Structure formats: structure tokens, C-alpha cells
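Here is the structure we will look at.
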Amino acid sequence: MIRTLFYMALALLLSSPIGAIGASSTPFDVKIGINPVQLNQSDKILSSPSGISTSPDGAYLLIADPGNNEIKILNTGKLTQLSQFGKGELSGPEDISFDGKGRLLVADTNNNRIMIYKFDGVYRDGSPNIEYISSLSGGLSTPKGVAGDRHGQVYVANTGGNSLLLMNDSGIVKQVTSAGPADTPLSAPHDVHIDSQGNVLVSDTGNHRVLVFDAELIFLQELSTETHGFKRPRRIASDDSGLILIADEGHDLIGITGPDFKPRGRITTSSTSPSGLNGPQGVETIGRYIWVTDTGNNRVILYKRE
């Protein structure tokens with residue numbers, strides 16, 4: 001019901017003029033039979049934006065803004081800034097996500113910790129309704145990706161430690177430092193994401209691949225540069241149908257993979273185009289809507305799949 005209301009509200013919001021950019025088609029691999037239309041883009045209020053997540057009710061878009069050492073809170077449709085938090089507390093935060101319990105997780109990268117909050121939106125005066133819960137720090141080295149399940153377990157892309165961690169309130173439960181058919185050591189992993197099937201996906205950025213694990217971090221599959229053409233994959237998102245989107249920073253595109261983990265298409269534009277992507281590092285999706293942190297251009301872009 002909440003998601004249905006979100007779609008109705010977003011459609012109503014976008015039915016009116018949204019500023020100078022207007023809708024414009026972007027090239028798309030038609031293997032999955034859809035064309036994304038660019039609906040809107042944010043003002044350049046961001047500095048090297050990275051991880052991105054919608055709130056559980058779909059009302060807010062939260063963006064890790066490491067260049068400004070804070071988290072920006074935007075309207076999901078107009079992409080206007082509503083609020084922010086973290087200034088003076090966070091240092092270079094690279095990722096943000098909500099776990100299965102509705103808690104807000106922030107990878108406070110330069111402070112070598114994961115911050116956990118309760119987030120309940122934005123007050124009318126523009127201040128965020130946010131409450132600190134706890135933090136995780138033991139054994140972390142410049143963590144750049146974080147995700148959590150409904151049991152309160154937290155998965156961390158421990159970038160500086162070249163490892164993937166499973167953590168709970170007591171600390172590290174399990175650590176993975178190598179994986180794949182050749183048991184290759186992880187190299188600067190940048191994100192971890194839990195899809196609709198409960199798979200744990202990790203962007204092993206330095207090895208130009210995405211790794212798939214089960215909830216206990218048992219290795220299942222490798223999506224490699226040979227099979228999927230990745231070049232510095234960053235953030236990962238998925239929808240309820242199992243469609244997986246991967247921000248491929250090195251190719252200035254968003255790769256799309258099906259629930260069978262086979263390549264299905266991509267959003268790709270020239271970085272010299274007015275609406276083109278330049279080193280995108282983050283992606284989020286709900287239904288037919290896709291948000292991309294276009295990092296090199298210091299903005300967020302909203303697309304709709306049609």
C-alpha cells in the first residue's frame with residue numbers, strides 16, 4: 001500500500017513542469033525492451049555524491065555526499081533539497097542504506113565506522129527527524145559500502161581491509177578476504193547489497209567484478225569483466241522482480257542484470273553529452289523509477305523505464 005501511494009504521488013509530482021531539463025530519451029540496450037526517459041536532475045548541490053537510497057516509505061531520497069561530509073535529503077521527484085545531517089560528525093561518508101528493520105545505516109568512511117540511526121523524515125522547519133542508535137567500528141578500515149537484513153545483521157564492504165564483513169552488535173561475525181572460481185583476493189570492494197531473493201552482492205571494484213553470496217557469505221557466483229564487461233563497478237541496486245542495476249564508473253554507465261544474473265541491458269550516454277553520465281557511483285530503483293548519482297557531474301538524475 002505504501003509503495004502504491006508512492007508511485008501515485010511521484011506520478012502526480014512529475015506531471016507538472018519540473019524545470020529546465022525536461023524529458024529526454026537516453027540510449028538503451030533494447031534487450032529488455034524498455035527505454036529509460038530522463039525525468040529530472042538535481043541542482044549541483046552535491047560534491048562527489050556516492051551511495052543513494054530511498055526511505056522505506058519512498059518519501060525521501062538520501063544521498064551520501066562525501067565531499068561535503070554529510071548526508072543530503074532530497075525530494076524523490078523534484079530532486080530539491082529538503083534537509084541534511086552529519087556535518088561535523090561524519091567524515092567522507094560513502095554509502096547509505098536502510099536495513100530490513102528500517103534502521104538507517106551510514107558508512108562513515110574516514111572515521112572507520114558504521115553509524116546506525118532511526119530516521120523518521122523531515123520536520124516542517126527543514127530539520128531532519130533523526131536519532132542516533134549505535135555504531136560499529138571494530139576491525140573497519142575505510143568502509144565504503146553497507147547493507148543490513150531484517151535480523152539486524154550488517155554487511156560491510158571493508159574497502160581499506162580488502163574484505164567483506166558480516167557484523168552484529170557484538171562485532172565481526174565472519175570475514176571474507178577472497179572468493180570466486182579461483183579464490184581471488186578481494187581488491188577494494190566498494191558496495192554490498194541484499195537483493196529481493198536474499199542474495200548478498202558485492203562490488204569487488206579493484207577486480208572489476210561483482211560477487212554473489214548467500215546470507216551466510218557462502219560464495220555462489222561471480223559476475224566478471226569477461227562475462228559482464230565491468231570496469232570499476234560501484235553501487236548496486238535491485239527491484240522486487242529481481243532486476244539488478246550496477247553503477248559502472250569506468251564505463252560511465254549503469255549495467256542491468258536479470259534475476260538469473262545474466263546481462264540484460266544498460267543505460268549509457270557519453271560523458272560529454274548534457275544529460276550524459278560521468279563516473280556514476282550510485283544507483284537506486286523502485287518500480288520503473290531509477291535514480292543515479294552522476295558523481296563526476298555532482299548531481300542526481302531521475303529516470304523512468306517505459
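By order in the C-alpha cells, chains are A, B, ...; within a chain, residues start at 1; ligands start at 1, following the order shown.
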List every residue of stretch 236-300 of chain A that has an atom at most 12 Å from any atom of stretch 53-77 of chain A, and for each one report the closest atom pair and its distance in Å to one decimal, counting only C-alpha atoms, with rows sorted by chain and then by increasing residue number, as JSON lines.
{"residue": "A:Ile236", "atom": "CA", "partner": "A:Ser53", "partner_atom": "CA", "distance": 10.6}
{"residue": "A:Ala237", "atom": "CA", "partner": "A:Ser53", "partner_atom": "CA", "distance": 9.0}
{"residue": "A:Ser238", "atom": "CA", "partner": "A:Ser53", "partner_atom": "CA", "distance": 11.3}
{"residue": "A:Gln281", "atom": "CA", "partner": "A:Ala64", "partner_atom": "CA", "distance": 10.6}
{"residue": "A:Gly282", "atom": "CA", "partner": "A:Ile63", "partner_atom": "CA", "distance": 8.9}
{"residue": "A:Val283", "atom": "CA", "partner": "A:Ser53", "partner_atom": "CA", "distance": 8.0}
{"residue": "A:Glu284", "atom": "CA", "partner": "A:Ser53", "partner_atom": "CA", "distance": 5.9}
{"residue": "A:Thr285", "atom": "CA", "partner": "A:Thr54", "partner_atom": "CA", "distance": 8.3}
{"residue": "A:Ile286", "atom": "CA", "partner": "A:Gly58", "partner_atom": "CA", "distance": 8.3}
{"residue": "A:Gly287", "atom": "CA", "partner": "A:Gly58", "partner_atom": "CA", "distance": 10.9}
{"residue": "A:Tyr289", "atom": "CA", "partner": "A:Gly77", "partner_atom": "CA", "distance": 9.7}
{"residue": "A:Ile290", "atom": "CA", "partner": "A:Thr76", "partner_atom": "CA", "distance": 10.3}
{"residue": "A:Trp291", "atom": "CA", "partner": "A:Thr76", "partner_atom": "CA", "distance": 8.7}
{"residue": "A:Val292", "atom": "CA", "partner": "A:Ser53", "partner_atom": "CA", "distance": 10.1}
{"residue": "A:Thr293", "atom": "CA", "partner": "A:Ile63", "partner_atom": "CA", "distance": 8.2}
{"residue": "A:Asp294", "atom": "CA", "partner": "A:Ile63", "partner_atom": "CA", "distance": 11.5}
{"residue": "A:Thr295", "atom": "CA", "partner": "A:Asp65", "partner_atom": "CA", "distance": 9.8}
{"residue": "A:Gly296", "atom": "CA", "partner": "A:Gly67", "partner_atom": "CA", "distance": 11.9}
{"residue": "A:Asn298", "atom": "CA", "partner": "A:Asp65", "partner_atom": "CA", "distance": 9.4}
{"residue": "A:Arg299", "atom": "CA", "partner": "A:Ile63", "partner_atom": "CA", "distance": 10.3}
{"residue": "A:Val300", "atom": "CA", "partner": "A:Ile63", "partner_atom": "CA", "distance": 8.9}
Export C-alpha atoms of the chosen residues as a PDB file, in the first residue's frame?
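As a result, again_29.pdb now contains:
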ATOM      1  CA  ILE A 236      24.318  -1.973  -6.677  1.00  0.00           C
ATOM      2  CA  ALA A 237      20.506  -1.793  -6.537  1.00  0.00           C
ATOM      3  CA  SER A 238      17.661  -4.198  -7.318  1.00  0.00           C
ATOM      4  CA  GLN A 281      28.913   5.693  -8.422  1.00  0.00           C
ATOM      5  CA  GLY A 282      25.399   5.173  -7.059  1.00  0.00           C
ATOM      6  CA  VAL A 283      22.060   3.788  -8.204  1.00  0.00           C
ATOM      7  CA  GLU A 284      18.645   3.181  -6.630  1.00  0.00           C
ATOM      8  CA  THR A 285      15.400   1.844  -8.075  1.00  0.00           C
ATOM      9  CA  ILE A 286      11.744   1.453  -7.113  1.00  0.00           C
ATOM     10  CA  GLY A 287       9.366   0.037  -9.704  1.00  0.00           C
ATOM     11  CA  TYR A 289      11.966   4.702 -11.413  1.00  0.00           C
ATOM     12  CA  ILE A 290      15.778   4.820 -11.329  1.00  0.00           C
ATOM     13  CA  TRP A 291      17.946   7.358  -9.504  1.00  0.00           C
ATOM     14  CA  VAL A 292      21.647   7.665 -10.381  1.00  0.00           C
ATOM     15  CA  THR A 293      24.372   9.607  -8.572  1.00  0.00           C
ATOM     16  CA  ASP A 294      26.234  11.074 -11.526  1.00  0.00           C
ATOM     17  CA  THR A 295      29.366  11.590  -9.478  1.00  0.00           C
ATOM     18  CA  GLY A 296      31.597  13.346 -11.979  1.00  0.00           C
ATOM     19  CA  ASN A 298      27.939  16.343  -8.961  1.00  0.00           C
ATOM     20  CA  ARG A 299      24.243  15.626  -9.472  1.00  0.00           C
ATOM     21  CA  VAL A 300      21.478  13.054  -9.198  1.00  0.00           C
TER      22      VAL A 300
END
Within 12 Å of stretch 226-230 of chain A: each stretch 244-289 of chain A residue with its shortest pair, only C-alpha atoms, as JSON lines:
{"residue": "A:Ile246", "atom": "CA", "partner": "A:Phe230", "partner_atom": "CA", "distance": 9.1}
{"residue": "A:Ala247", "atom": "CA", "partner": "A:Phe230", "partner_atom": "CA", "distance": 9.4}
{"residue": "A:Asp248", "atom": "CA", "partner": "A:Phe230", "partner_atom": "CA", "distance": 6.4}
{"residue": "A:Glu249", "atom": "CA", "partner": "A:Phe230", "partner_atom": "CA", "distance": 8.8}
{"residue": "A:Gly250", "atom": "CA", "partner": "A:Phe230", "partner_atom": "CA", "distance": 7.8}
{"residue": "A:His251", "atom": "CA", "partner": "A:Phe230", "partner_atom": "CA", "distance": 7.7}
{"residue": "A:Asp252", "atom": "CA", "partner": "A:Phe230", "partner_atom": "CA", "distance": 10.6}
{"residue": "A:Leu253", "atom": "CA", "partner": "A:Phe230", "partner_atom": "CA", "distance": 9.9}
{"residue": "A:Ile254", "atom": "CA", "partner": "A:Phe230", "partner_atom": "CA", "distance": 10.1}
{"residue": "A:Gly255", "atom": "CA", "partner": "A:Phe230", "partner_atom": "CA", "distance": 8.3}
{"residue": "A:Ile256", "atom": "CA", "partner": "A:His228", "partner_atom": "CA", "distance": 9.5}
{"residue": "A:Thr257", "atom": "CA", "partner": "A:His228", "partner_atom": "CA", "distance": 8.7}
{"residue": "A:Gly258", "atom": "CA", "partner": "A:His228", "partner_atom": "CA", "distance": 11.7}
{"residue": "A:Phe261", "atom": "CA", "partner": "A:His228", "partner_atom": "CA", "distance": 9.5}
{"residue": "A:Lys262", "atom": "CA", "partner": "A:His228", "partner_atom": "CA", "distance": 7.9}
{"residue": "A:Pro263", "atom": "CA", "partner": "A:His228", "partner_atom": "CA", "distance": 6.2}
{"residue": "A:Arg264", "atom": "CA", "partner": "A:His228", "partner_atom": "CA", "distance": 9.7}
{"residue": "A:Gly265", "atom": "CA", "partner": "A:His228", "partner_atom": "CA", "distance": 10.1}
{"residue": "A:Arg266", "atom": "CA", "partner": "A:His228", "partner_atom": "CA", "distance": 10.7}
Which residues of stretch 94-147 of chain A come within 8 Å of stretch 184-190 of chain A, and for each one, what is the closest pair of atoms and their distance in Å to one decimal, counting only C-alpha atoms, sorted by chain and residue number, as a tab-separated table?
residue	atom	partner	partner_atom	distance
A:Pro143	CA	A:His190	CA	7.8
A:Lys144	CA	A:His190	CA	5.3
A:Gly145	CA	A:His190	CA	5.4
### Query
A:Arg209: which residues within 9 Å, counting only C-alpha atoms, same-chain residues fewer than 3 positions away excluded, as number ranges by chain?
A: 202-206, 222-226, 228-233
### Task
Please report, as a ChimeraX atom specification, each residue of stretch 106-282 of chain A to which DSSP assigns helix (DSSP H, G or I) when run on this structure's backbone.
/A:109-111,159-161,205-207,225-228,249-251
Those residues with N, CA and C atoms, as a CSV table (one decimal), in the first residue's frame please?
chain,number,residue,atom,x,y,z
A,109,THR,N,33.0,6.7,6.3
A,109,THR,CA,34.2,6.1,5.7
A,109,THR,C,35.5,6.5,6.4
A,110,ASN,N,35.8,7.8,6.5
A,110,ASN,CA,37.0,8.3,7.0
A,110,ASN,C,37.2,8.2,8.5
A,111,ASN,N,36.0,7.9,9.2
A,111,ASN,CA,36.1,7.7,10.6
A,111,ASN,C,36.1,6.2,10.9
A,159,THR,N,36.6,-1.6,2.6
A,159,THR,CA,37.4,-1.3,1.4
A,159,THR,C,38.9,-1.3,1.7
A,160,GLY,N,39.3,-0.6,2.8
A,160,GLY,CA,40.7,-0.5,3.1
A,160,GLY,C,41.3,-1.8,3.6
A,161,GLY,N,40.5,-2.7,4.1
A,161,GLY,CA,40.9,-4.0,4.5
A,161,GLY,C,40.7,-5.1,3.5
A,205,THR,N,35.5,-3.9,-6.6
A,205,THR,CA,35.9,-2.9,-7.6
A,205,THR,C,37.2,-3.1,-8.2
A,206,GLY,N,38.2,-3.3,-7.4
A,206,GLY,CA,39.6,-3.5,-7.9
A,206,GLY,C,39.8,-4.7,-8.9
A,207,ASN,N,38.9,-5.6,-8.8
A,207,ASN,CA,39.0,-6.8,-9.6
A,207,ASN,C,37.9,-6.7,-10.8
A,225,THR,N,34.4,-9.3,-15.4
A,225,THR,CA,34.6,-8.4,-16.5
A,225,THR,C,34.5,-9.1,-17.9
A,226,GLU,N,34.8,-10.4,-17.9
A,226,GLU,CA,34.7,-11.2,-19.1
A,226,GLU,C,33.3,-11.4,-19.5
A,227,THR,N,32.4,-11.7,-18.5
A,227,THR,CA,31.0,-12.0,-18.8
A,227,THR,C,30.1,-10.8,-18.8
A,228,HIS,N,30.4,-9.8,-18.1
A,228,HIS,CA,29.6,-8.6,-17.9
A,228,HIS,C,30.2,-7.3,-18.3
A,249,GLU,N,31.4,2.7,-13.0
A,249,GLU,CA,32.0,4.0,-13.0
A,249,GLU,C,33.0,4.1,-14.2
A,250,GLY,N,33.7,3.1,-14.5
A,250,GLY,CA,34.8,3.1,-15.5
A,250,GLY,C,34.2,3.3,-16.9
A,251,HIS,N,32.9,2.8,-17.1
A,251,HIS,CA,32.3,2.9,-18.5
A,251,HIS,C,31.2,4.0,-18.6
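Interatomic distance, atom CA of A:Val156 to atom CA of A:Leu46: 24.1 Å.
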### Task
Find, counting only C-alpha atoms, the residue in A:Ser83, A:Ser91, A:Gln153, A:Gln221 that gets nearest to A:Arg103.
A:Gln153
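With only C-alpha atoms as the atoms that count, the residue of A:Val146, A:Ile172, A:Arg234, A:Asp240 with the shortest distance to A:Val200 is A:Val146.
Of the residues in stretch 122-162 of chain A, those given strand (DSSP E or B) by DSSP on the backbone are A:Val122, A:Pro128, A:Asn129, A:Ile130, A:Glu131, A:Tyr132, A:Ile133, A:Ser134, A:Ser135, A:Leu136, A:Gly145, A:Val146, A:Ala147, A:Gly148, A:Val154, A:Tyr155, A:Val156, A:Ala157, A:Asn158.
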